[in-house]
$ cat start_34.txt   # compact mmCIF, C-alpha atoms
# COMPACT_ATOMS: atom_id res chain seq x y z
CA MET A 943 0.00 0.00 0.00
CA SER A 944 1.33 3.42 -0.89
CA SER A 945 0.84 6.64 0.99
CA THR A 946 2.28 10.14 1.16
CA PRO A 947 3.61 11.82 4.32
CA SER A 948 1.41 14.72 5.33
CA THR A 949 2.02 18.22 6.68
CA SER A 950 -0.26 21.07 7.62
CA THR A 951 1.49 23.76 5.56
CA SER A 952 -0.95 25.62 3.32
CA ALA A 953 -0.22 27.06 -0.11
CA PRO A 954 0.97 30.70 -0.02
CA GLN A 955 -0.86 31.52 -3.24
CA ALA A 956 -2.45 29.55 -6.05
CA PHE A 957 -0.04 28.55 -8.81
CA PRO A 958 1.07 29.49 -11.37
CA TRP A 959 2.38 32.82 -10.13
CA PRO A 960 2.91 35.81 -12.43
CA PRO A 961 6.47 35.63 -13.89
CA HIS A 962 7.58 38.84 -12.18
CA LYS A 963 6.66 37.39 -8.78
CA VAL A 964 8.70 34.26 -9.52
CA LEU A 965 11.67 36.43 -10.50
CA GLU A 966 11.43 38.50 -7.32
CA TYR A 967 11.26 35.37 -5.20
CA SER A 968 14.18 33.75 -7.02
CA LEU A 969 16.48 36.76 -6.72
CA ALA A 970 15.64 37.22 -3.06
CA ASN A 971 16.46 33.60 -2.25
CA THR A 972 19.58 33.03 -4.36
CA ARG A 973 22.98 33.64 -2.85
CA GLN A 974 25.08 35.91 -5.04
CA VAL A 975 28.78 35.64 -5.90
CA ARG A 976 31.09 38.66 -5.55
CA LEU A 977 33.99 38.76 -7.96
CA ARG A 978 37.43 39.93 -6.95
CA GLY A 979 40.44 39.66 -9.22
CA ASN A 980 40.45 36.80 -11.75
CA TYR A 981 40.81 39.40 -14.50
CA ALA A 982 42.25 37.03 -17.12
CA THR A 983 39.40 34.55 -16.64
CA ARG A 984 36.84 37.35 -16.70
CA LEU A 985 38.26 38.66 -19.97
CA GLY A 986 38.22 35.19 -21.50
CA VAL A 987 34.62 34.61 -20.46
CA TRP A 988 33.58 38.05 -21.76
CA LEU A 989 35.15 37.36 -25.18
CA MET A 990 33.51 33.94 -25.35
CA LEU A 991 30.10 35.40 -24.49
CA ARG A 992 30.49 38.13 -27.10
CA LEU A 993 31.21 35.52 -29.75
CA VAL A 994 28.49 33.04 -28.85
CA ARG A 995 25.76 35.59 -28.19
CA GLY A 996 26.39 37.27 -31.53
CA LEU A 997 25.39 34.15 -33.46
CA SER A 998 22.01 33.31 -34.93
CA TRP A 999 20.21 30.29 -33.51
CA ASN A 1000 21.11 28.20 -36.56
CA CYS A 1001 24.80 29.17 -36.32
CA ALA A 1002 24.82 28.51 -32.57
CA TYR A 1003 23.33 25.05 -33.17
CA ARG A 1004 25.99 24.27 -35.77
CA LEU A 1005 28.73 25.54 -33.46
CA GLY A 1006 27.48 23.30 -30.66
CA SER A 1007 27.44 20.33 -33.03
CA MET A 1008 31.01 21.12 -34.12
CA ILE A 1009 32.12 21.24 -30.48
CA GLY A 1010 30.47 17.87 -29.89
CA ARG A 1011 32.22 16.32 -32.89
CA LEU A 1012 35.54 17.77 -31.76
CA LEU A 1013 35.06 16.26 -28.30
CA GLY A 1014 34.50 12.93 -30.02
CA LEU A 1015 37.62 13.25 -32.15
CA LEU A 1016 39.60 14.07 -29.01
CA ARG A 1017 38.11 10.94 -27.37
CA ILE A 1018 37.04 12.96 -24.32
CA ARG A 1019 36.37 10.49 -21.46
CA ARG A 1020 35.76 7.82 -24.07
CA SER A 1021 36.93 4.96 -21.86
CA VAL A 1022 34.55 6.07 -19.08
CA ALA A 1023 31.60 6.37 -21.46
CA MET A 1024 32.27 3.03 -23.13
CA THR A 1025 32.62 1.32 -19.74
CA ASN A 1026 29.25 2.80 -18.77
CA LEU A 1027 27.67 1.63 -22.00
CA ASP A 1028 29.08 -1.85 -21.48
CA ILE A 1029 27.62 -1.90 -17.96
CA VAL A 1030 24.17 -0.92 -19.19
CA TYR A 1031 23.92 -2.79 -22.49
CA GLY A 1032 26.41 -5.65 -22.23
CA GLN A 1033 26.13 -7.77 -25.37
CA THR A 1034 22.67 -6.44 -26.29
CA LYS A 1035 24.29 -3.68 -28.35
CA THR A 1036 27.29 -3.95 -30.64
CA ALA A 1037 30.47 -1.95 -30.12
CA ALA A 1038 29.48 0.20 -33.11
CA GLN A 1039 26.08 0.97 -31.59
CA LYS A 1040 27.67 1.96 -28.28
CA LYS A 1041 30.17 4.22 -30.03
CA LYS A 1042 27.32 5.93 -31.87
CA ILE A 1043 25.53 6.62 -28.58
CA TYR A 1044 28.78 8.07 -27.22
CA ARG A 1045 29.23 10.35 -30.26
CA ASP A 1046 25.57 11.42 -30.32
CA SER A 1047 25.66 12.21 -26.60
CA LEU A 1048 28.65 14.50 -27.21
CA LEU A 1049 26.65 16.37 -29.86
CA ASN A 1050 24.10 17.08 -27.14
CA VAL A 1051 26.87 18.15 -24.73
CA GLY A 1052 28.29 20.60 -27.28
CA ARG A 1053 24.91 22.10 -28.11
CA GLN A 1054 23.99 22.58 -24.48
CA MET A 1055 27.35 24.21 -23.70
CA VAL A 1056 26.52 26.84 -26.32
CA ASN A 1057 22.89 27.15 -25.20
CA TYR A 1058 23.95 27.79 -21.63
CA LEU A 1059 26.06 30.76 -22.67
CA ARG A 1060 23.11 32.18 -24.61
CA ILE A 1061 20.52 31.99 -21.83
CA PRO A 1062 20.25 35.80 -21.37
CA LEU A 1063 19.07 35.98 -25.01
CA MET A 1064 16.10 33.75 -24.18
CA ASP A 1065 13.36 36.35 -23.76
CA ASP A 1066 9.66 35.97 -23.01
CA LYS A 1067 8.92 35.26 -26.68
CA PHE A 1068 11.43 32.42 -26.69
CA TRP A 1069 9.99 30.73 -23.61
CA ASP A 1070 6.42 31.17 -24.88
CA GLU A 1071 6.87 30.21 -28.53
CA CYS A 1072 9.99 28.04 -28.77
CA PHE A 1073 9.84 25.93 -25.61
CA ASP A 1074 6.73 23.74 -25.34
CA LEU A 1075 5.45 22.43 -22.02
CA GLU A 1076 3.37 19.26 -22.05
CA ASN A 1077 1.24 18.00 -19.16
CA GLU A 1078 1.40 21.24 -17.18
CA HIS A 1079 -1.43 19.92 -15.03
CA ILE A 1080 1.09 17.68 -13.25
CA LEU A 1081 3.02 20.79 -12.19
CA ARG A 1082 -0.08 22.74 -11.23
CA ASP A 1083 -1.60 19.93 -9.20
CA ALA A 1084 1.66 19.25 -7.33
CA TYR A 1085 2.38 22.91 -6.55
CA ASN A 1086 -1.13 23.59 -5.35
CA GLN A 1087 -0.91 20.88 -2.70
CA GLY A 1088 0.81 23.59 -0.65
CA ARG A 1089 3.86 21.64 0.51
CA GLY A 1090 6.38 22.69 -2.09
CA VAL A 1091 7.55 20.28 -4.78
CA ILE A 1092 10.58 18.05 -5.26
CA PHE A 1093 11.46 17.82 -8.93
CA LEU A 1094 13.65 14.84 -9.87
CA TYR A 1095 16.08 15.40 -12.69
CA MET A 1096 19.34 14.18 -14.17
CA HIS A 1097 21.98 15.27 -16.68
CA PHE A 1098 19.73 14.68 -19.65
CA GLY A 1099 18.82 16.68 -22.74
CA PRO A 1100 19.23 20.44 -22.26
CA TRP A 1101 20.02 20.06 -18.53
CA GLU A 1102 18.97 23.20 -16.63
CA LEU A 1103 16.79 24.76 -19.33
CA PRO A 1104 13.77 22.70 -18.16
CA GLY A 1105 14.03 24.55 -14.85
CA GLY A 1106 13.85 27.80 -16.77
CA LYS A 1107 10.72 26.71 -18.60
CA ILE A 1108 9.00 25.67 -15.36
CA SER A 1109 9.91 28.84 -13.47
CA ARG A 1110 9.05 31.07 -16.43
CA ALA A 1111 5.67 29.36 -16.55
CA GLY A 1112 4.95 30.63 -13.03
CA TYR A 1113 6.27 27.92 -10.74
CA PRO A 1114 9.15 29.08 -8.48
CA LEU A 1115 12.02 26.65 -8.66
CA ALA A 1116 15.61 26.35 -7.45
CA VAL A 1117 18.34 23.82 -8.16
CA VAL A 1118 20.71 22.37 -5.58
CA ALA A 1119 24.21 22.81 -7.05
CA LYS A 1120 27.78 22.60 -5.85
CA ARG A 1121 29.75 25.82 -5.49
CA LEU A 1122 32.40 25.92 -8.24
CA LYS A 1123 36.01 26.63 -7.35
CA ASN A 1124 36.36 29.31 -10.03
CA PRO A 1125 34.19 32.25 -8.91
CA VAL A 1126 33.96 33.65 -12.45
CA VAL A 1127 32.40 30.47 -13.79
CA ASP A 1128 30.31 30.09 -10.63
CA LYS A 1129 28.85 33.56 -11.11
CA LEU A 1130 28.30 32.92 -14.81
CA MET A 1131 26.16 29.89 -14.03
CA ILE A 1132 24.22 31.55 -11.21
CA ASP A 1133 23.51 34.60 -13.38
CA ALA A 1134 22.37 32.32 -16.20
CA ARG A 1135 19.94 30.58 -13.87
CA SER A 1136 18.68 33.91 -12.56
CA ALA A 1137 18.00 35.01 -16.16
CA MET A 1138 15.62 32.04 -16.35
CA ASN A 1139 13.98 32.93 -12.98
CA LEU A 1140 15.69 29.79 -11.65
CA GLY A 1141 17.22 29.96 -8.18
CA THR A 1142 20.46 28.39 -6.95
CA ILE A 1143 20.92 26.59 -3.64
CA PHE A 1144 24.50 25.76 -2.73
CA HIS A 1145 24.97 22.08 -1.99
CA ARG A 1146 26.78 22.49 1.32
CA ASP A 1147 24.51 23.27 4.28
CA ALA A 1148 21.48 23.36 1.96
CA MET A 1149 18.94 21.66 4.21
CA ASP A 1150 17.58 24.75 5.97
CA ARG A 1151 17.22 26.57 2.64
CA ILE A 1152 15.43 23.58 1.11
CA ARG A 1153 13.02 23.34 4.04
CA SER A 1154 12.18 27.05 3.94
CA GLY A 1155 11.72 26.92 0.19
CA LEU A 1156 9.31 24.01 0.37
CA LYS A 1157 7.32 25.77 3.13
CA SER A 1158 7.02 28.78 0.80
CA GLY A 1159 5.62 26.57 -1.96
CA GLU A 1160 8.84 26.52 -3.99
CA GLY A 1161 9.98 23.60 -6.13
CA ILE A 1162 13.44 22.13 -5.53
CA ILE A 1163 15.34 20.36 -8.31
CA MET A 1164 17.19 17.32 -6.99
CA VAL A 1165 19.67 15.84 -9.48
CA ILE A 1166 19.99 12.15 -8.61
CA ASP A 1167 22.11 10.57 -11.35
CA GLN A 1168 25.53 11.34 -9.86
CA ASN A 1169 27.85 9.01 -7.98
CA MET A 1170 27.74 9.72 -4.24
CA LYS A 1171 30.26 9.17 -1.49
CA ARG A 1172 29.48 6.10 0.57
CA SER A 1173 28.57 8.30 3.56
CA GLN A 1174 26.03 10.29 1.52
CA GLY A 1175 24.36 7.62 -0.56
CA VAL A 1176 22.39 4.40 -0.57
CA PHE A 1177 22.94 1.56 -3.00
CA VAL A 1178 20.13 1.01 -5.47
CA ASP A 1179 19.97 -0.52 -8.91
CA TRP A 1180 20.82 2.06 -11.58
CA LEU A 1181 20.46 0.81 -15.15
CA GLY A 1182 21.18 -2.76 -14.11
CA ARG A 1183 24.05 -2.32 -11.65
CA SER A 1184 24.28 -1.22 -8.02
CA ALA A 1185 25.16 2.48 -7.70
CA SER A 1186 25.57 4.82 -4.75
CA THR A 1187 22.68 7.28 -5.06
CA VAL A 1188 21.81 10.37 -3.05
CA ARG A 1189 19.60 9.42 -0.10
CA SER A 1190 18.62 12.93 1.02
CA THR A 1191 15.96 13.24 -1.70
CA ALA A 1192 13.82 10.50 -0.20
CA TRP A 1193 14.57 11.73 3.33
CA ILE A 1194 13.37 15.25 2.47
CA ALA A 1195 10.24 13.88 0.81
CA ARG A 1196 9.42 11.83 3.91
CA GLU A 1197 10.13 14.64 6.38
CA THR A 1198 8.26 17.39 4.52
CA GLY A 1199 5.53 15.55 2.65
CA ALA A 1200 6.42 17.46 -0.52
CA PRO A 1201 5.12 15.74 -3.66
CA VAL A 1202 7.79 14.30 -5.94
CA ILE A 1203 7.41 14.83 -9.68
CA THR A 1204 9.57 14.23 -12.70
CA GLY A 1205 9.83 14.95 -16.39
CA TYR A 1206 12.32 15.41 -19.18
CA ALA A 1207 13.27 17.88 -21.89
CA VAL A 1208 14.83 17.57 -25.33
CA GLN A 1209 16.06 19.98 -27.98
CA THR A 1210 14.27 19.21 -31.22
CA GLY A 1211 15.87 21.87 -33.46
CA PRO A 1212 18.11 24.95 -33.45
CA LYS A 1213 15.45 26.98 -31.65
CA ARG A 1214 12.96 24.32 -30.60
CA PHE A 1215 12.71 22.67 -27.19
CA LYS A 1216 10.13 20.50 -25.47
CA MET A 1217 9.51 19.87 -21.77
CA VAL A 1218 7.32 16.90 -20.86
CA MET A 1219 6.05 16.41 -17.32
CA THR A 1220 5.59 12.68 -16.84
CA GLU A 1221 4.32 11.77 -13.38
CA GLN A 1222 4.00 12.32 -9.65
CA ILE A 1223 5.67 9.49 -7.74
CA ASP A 1224 3.67 8.49 -4.67
CA TRP A 1225 5.44 7.63 -1.43
CA GLN A 1226 5.76 3.93 -0.63
CA SER A 1227 5.57 3.13 3.09
CA HIS A 1228 7.76 0.49 4.74
CA PRO A 1229 7.96 -0.59 8.42
CA ASP A 1230 11.77 -0.19 8.45
CA PRO A 1231 12.69 3.55 8.20
CA ASP A 1232 16.07 2.87 6.60
CA GLN A 1233 14.64 0.42 4.11
CA GLU A 1234 11.87 2.92 3.37
CA LEU A 1235 14.45 5.39 2.06
CA ILE A 1236 16.00 2.73 -0.16
CA VAL A 1237 12.63 1.60 -1.52
CA ASN A 1238 11.61 5.11 -2.48
CA THR A 1239 15.01 6.05 -3.87
CA GLN A 1240 14.71 3.01 -6.14
CA ARG A 1241 11.28 4.21 -7.25
CA TYR A 1242 12.70 7.63 -8.07
CA VAL A 1243 15.57 6.11 -10.03
CA GLY A 1244 13.20 3.88 -11.95
CA ALA A 1245 11.22 6.88 -13.17
CA LEU A 1246 14.38 8.39 -14.68
CA GLU A 1247 15.81 5.19 -16.14
CA LYS A 1248 12.88 4.96 -18.54
CA ARG A 1249 14.02 8.08 -20.35
CA ILE A 1250 17.64 6.90 -20.67
CA TYR A 1251 16.58 3.59 -22.20
CA GLN A 1252 14.24 5.51 -24.50
CA MET A 1253 16.75 8.19 -25.59
CA PRO A 1254 20.25 7.09 -24.54
CA GLU A 1255 21.97 9.79 -26.61
CA GLN A 1256 20.43 12.43 -24.35
CA TRP A 1257 22.14 11.23 -21.15
CA PHE A 1258 25.58 12.34 -19.93
CA TRP A 1259 27.60 9.11 -20.28
CA LEU A 1260 30.91 10.76 -19.33
CA HIS A 1261 30.36 10.57 -15.56
CA ARG A 1262 31.81 7.73 -13.44
CA ARG A 1263 28.35 6.79 -12.26
CA TRP A 1264 29.34 3.40 -10.78
CA LYS A 1265 32.62 4.46 -9.14
CA VAL A 1266 31.48 3.75 -5.57
CA GLN A 1267 30.50 0.11 -5.17
CA PRO A 1268 29.39 -2.04 -2.23
CA GLU A 1269 32.16 -3.48 -0.07
CA GLY A 1270 34.11 -6.16 -1.90
CA VAL A 1271 32.91 -5.15 -5.39
CA ALA A 1272 35.54 -3.83 -7.78
CA ASN A 1273 35.45 -0.32 -9.20
CA PRO A 1274 34.60 -0.86 -12.91
CA TYR A 1275 36.82 2.06 -13.94
CA ASP A 1276 40.02 0.58 -12.56
CA LYS A 1277 40.71 -0.94 -15.95
CA PRO A 1278 39.30 -0.34 -19.45
CA SER A 1279 36.08 -2.00 -20.53
CA ASN A 1280 36.83 -5.21 -22.41
CA SER A 1281 34.52 -4.86 -25.38
CA SER A 1282 34.20 -1.30 -26.62
CA VAL A 1283 37.07 0.97 -25.64
CA SER A 1284 39.23 0.36 -28.69
$ encode --input "start_34.txt" --output "structure tokens"
Amino acid sequence: MSSTPSTSTSAPQAFPWPPHKVLEYSLANTRQVRLRGNYATRLGVWLMLRLVRGLSWNCAYRLGSMIGRLLGLLRIRRSVAMTNLDIVYGQTKTAAQKKKIYRDSLLNVGRQMVNYLRIPLMDDKFWDECFDLENEHILRDAYNQGRGVIFLYMHFGPWELPGGKISRAGYPLAVVAKRLKNPVVDKLMIDARSAMNLGTIFHRDAMDRIRSGLKSGEGIIMVIDQNMKRSQGVFVDWLGRSASTVRSTAWIARETGAPVITGYAVQTGPKRFKMVMTEQIDWQSHPDPDQELIVNTQRYVGALEKRIYQMPEQWFWLHRRWKVQPEGVANPYDKPSNSSVS
């Protein structure tokens, strides 16, 4: 039998909010980065932005594709990606098929690198006319439960642009992200999110900010496809092999009663994007509190795996997803994959 934890928090205002209210909320609740020094990096970033933002959408798309092909020619993290593909597909796909997924995924990486730099050019007309949102009722119903929303996501498709579409549609949203060592790049990314009305929550000491956001009716993006340290994760099946997966997502859902929803986005052309909301994932009760977190984390993972199997070229295969393994199980990246690296 499945159930959802309950709280008494009421909705602050019916959703969707007007876009200007979402922007005000986002700016007021995002920690800013102050730049000091780093003049060479700042100049380099400024020149790069001038170049990329001066392109048409078609030229930007072609540039992103060129970057992706170049990454492939340079064999960027090829051994990691091919090991991952071997883990997931084994002998069900040929080496040639796996290499094609690797190359196609790099095309997506290149295009999204360029898109990210162009976010400030994405005006109201872009979000309204060029970025479709399907099944908005899933968003509206979840937000109007009055407990905030946990939005599950992964490094898939256009990455953070889905958050921009949701927040621009009137649903306040913030992403939990690590603080980058380079403050210039850190500020670039935070400013890009702010241009989409998307807030940033720094990963370290984020729990109080997440709780207050959920109480205010905000949505929180939890990215759950990254390898976690043993102390921070639980082992669940990820695409057919045990992987250390963030446990705090399920813990927050249980403690706050916030509904958990998911969806995916894809880029379908130089200036065409689509966001599809797929489902709300109900909480599954279990008599053992620790096992309850594992059970629900597995349910969350399962909702995302469907999209990877459906569109493998959209996922970020370059990450060492299975690096942390249960005690006594070898790290699969200690030596090259046997079938597809060459």
$ atom_distance --input "start_34.txt" --atom1 "atom CA of Asn1238 of chain A" --atom2 "atom CA of Pro1114 of chain A"
24.8 Å
$ atom_distance --input "start_34.txt" --atom1 "atom CA of Tyr967 of chain A" --atom2 "atom CA of Asn1086 of chain A"
17.1 Å
$ closest_atom_pairs --input "start_34.txt" --of "segment 1188-1234 of chain A" --to "segment 1070-1077 of chain A" --cutoff "10 Å" --atoms "all atoms listed in the file" --output "Markdown table"
| residue | atom | partner | partner_atom | distance |
| --- | --- | --- | --- | --- |
| A:Gly1205 | CA | A:Asn1077 | CA | 9.5 |
| A:Ala1207 | CA | A:Leu1075 | CA | 9.0 |
| A:Val1208 | CA | A:Phe1073 | CA | 9.7 |
| A:Gln1209 | CA | A:Phe1073 | CA | 8.9 |
| A:Thr1210 | CA | A:Phe1073 | CA | 9.8 |
| A:Gly1211 | CA | A:Cys1072 | CA | 9.7 |
| A:Pro1212 | CA | A:Cys1072 | CA | 9.9 |
| A:Lys1213 | CA | A:Cys1072 | CA | 6.3 |
| A:Arg1214 | CA | A:Cys1072 | CA | 5.1 |
| A:Phe1215 | CA | A:Phe1073 | CA | 4.6 |
| A:Lys1216 | CA | A:Asp1074 | CA | 4.7 |
| A:Met1217 | CA | A:Leu1075 | CA | 4.8 |
| A:Val1218 | CA | A:Glu1076 | CA | 4.8 |
| A:Met1219 | CA | A:Asn1077 | CA | 5.4 |
| A:Thr1220 | CA | A:Asn1077 | CA | 7.3 |
| A:Glu1221 | CA | A:Asn1077 | CA | 9.0 |
$ residues_around --input "start_34.txt" --residues "segment 1183-1192 of chain A" --least-positions-apart "2" --cutoff "9 Å" --atoms "only C-alpha atoms" --output "number ranges by chain"
A: 1029-1030, 1092, 1094, 1164-1172, 1174-1181, 1194-1197, 1225, 1234-1236, 1238-1239, 1242-1243, 1263-1268
$ closest_residue --input "start_34.txt" --among "A:Arg978, A:Lys1248, A:Arg973, A:Arg995" --to "His1145 of chain A" --atoms "all atoms listed in the file"
A:Arg973
$ axis_aligned_box --input "start_34.txt" --around "segment 1190-1204 of chain A" --padding-each-side "3 Å" --output "AutoDock Vina command-line options"
--center_x 11.9 --center_y 14.0 --center_z -3.2 --size_x 19.5 --size_y 13.0 --size_z 25.1
$ closest_residue --input "start_34.txt" --among "A:Arg1045, A:His1097, A:Lys963, A:Arg1249" --to "Ala1111 of chain A" --atoms "all atoms listed in the file"
A:Lys963
$ closest_residue --input "start_34.txt" --among "A:Thr1025, A:Ser1047, A:Glu1269, A:Trp999" --to "Leu1063 of chain A" --atoms "only C-alpha atoms"
A:Trp999
$ residues_around --input "start_34.txt" --residues "Met1064 of chain A" --least-positions-apart "5" --cutoff "10 Å" --atoms "all atoms listed in the file" --output "number ranges by chain"
A: 1057, 1069, 1072, 1106, 1137-1138
$ residues_around --input "start_34.txt" --residues "segment 1005-1018 of chain A" --least-positions-apart "4" --cutoff "12 Å" --atoms "all atoms listed in the file" --output "PyMOL selection string"
chain A and resi 993-995+997-1001+1022-1024+1041-1060+1211-1212+1259-1261+1283-1284
$ atom_distance --input "start_34.txt" --atom1 "atom CA of Pro1104 of chain A" --atom2 "atom CA of Lys1123 of chain A"
25.0 Å
$ closest_residue --input "start_34.txt" --among "A:Arg1019, A:Arg992, A:Arg1089, A:Arg976" --to "Pro1201 of chain A" --atoms "all atoms listed in the file"
A:Arg1089
$ residues_around --input "start_34.txt" --residues "Ile1132 of chain A" --least-positions-apart "3" --cutoff "10 Å" --atoms "all atoms listed in the file" --output "count of residues only"
16
$ residues_around --input "start_34.txt" --residues "His962 of chain A" --least-positions-apart "5" --cutoff "10 Å" --atoms "all atoms listed in the file" --output "list in words"
Tyr967, Ser968, Arg1110, Gly1112 and Asn1139 of chain A
$ closest_residue --input "start_34.txt" --among "A:Tyr1031, A:Tyr1206, A:Phe1068, A:Tyr1085" --to "Glu1102 of chain A" --atoms "all atoms listed in the file"
A:Tyr1206
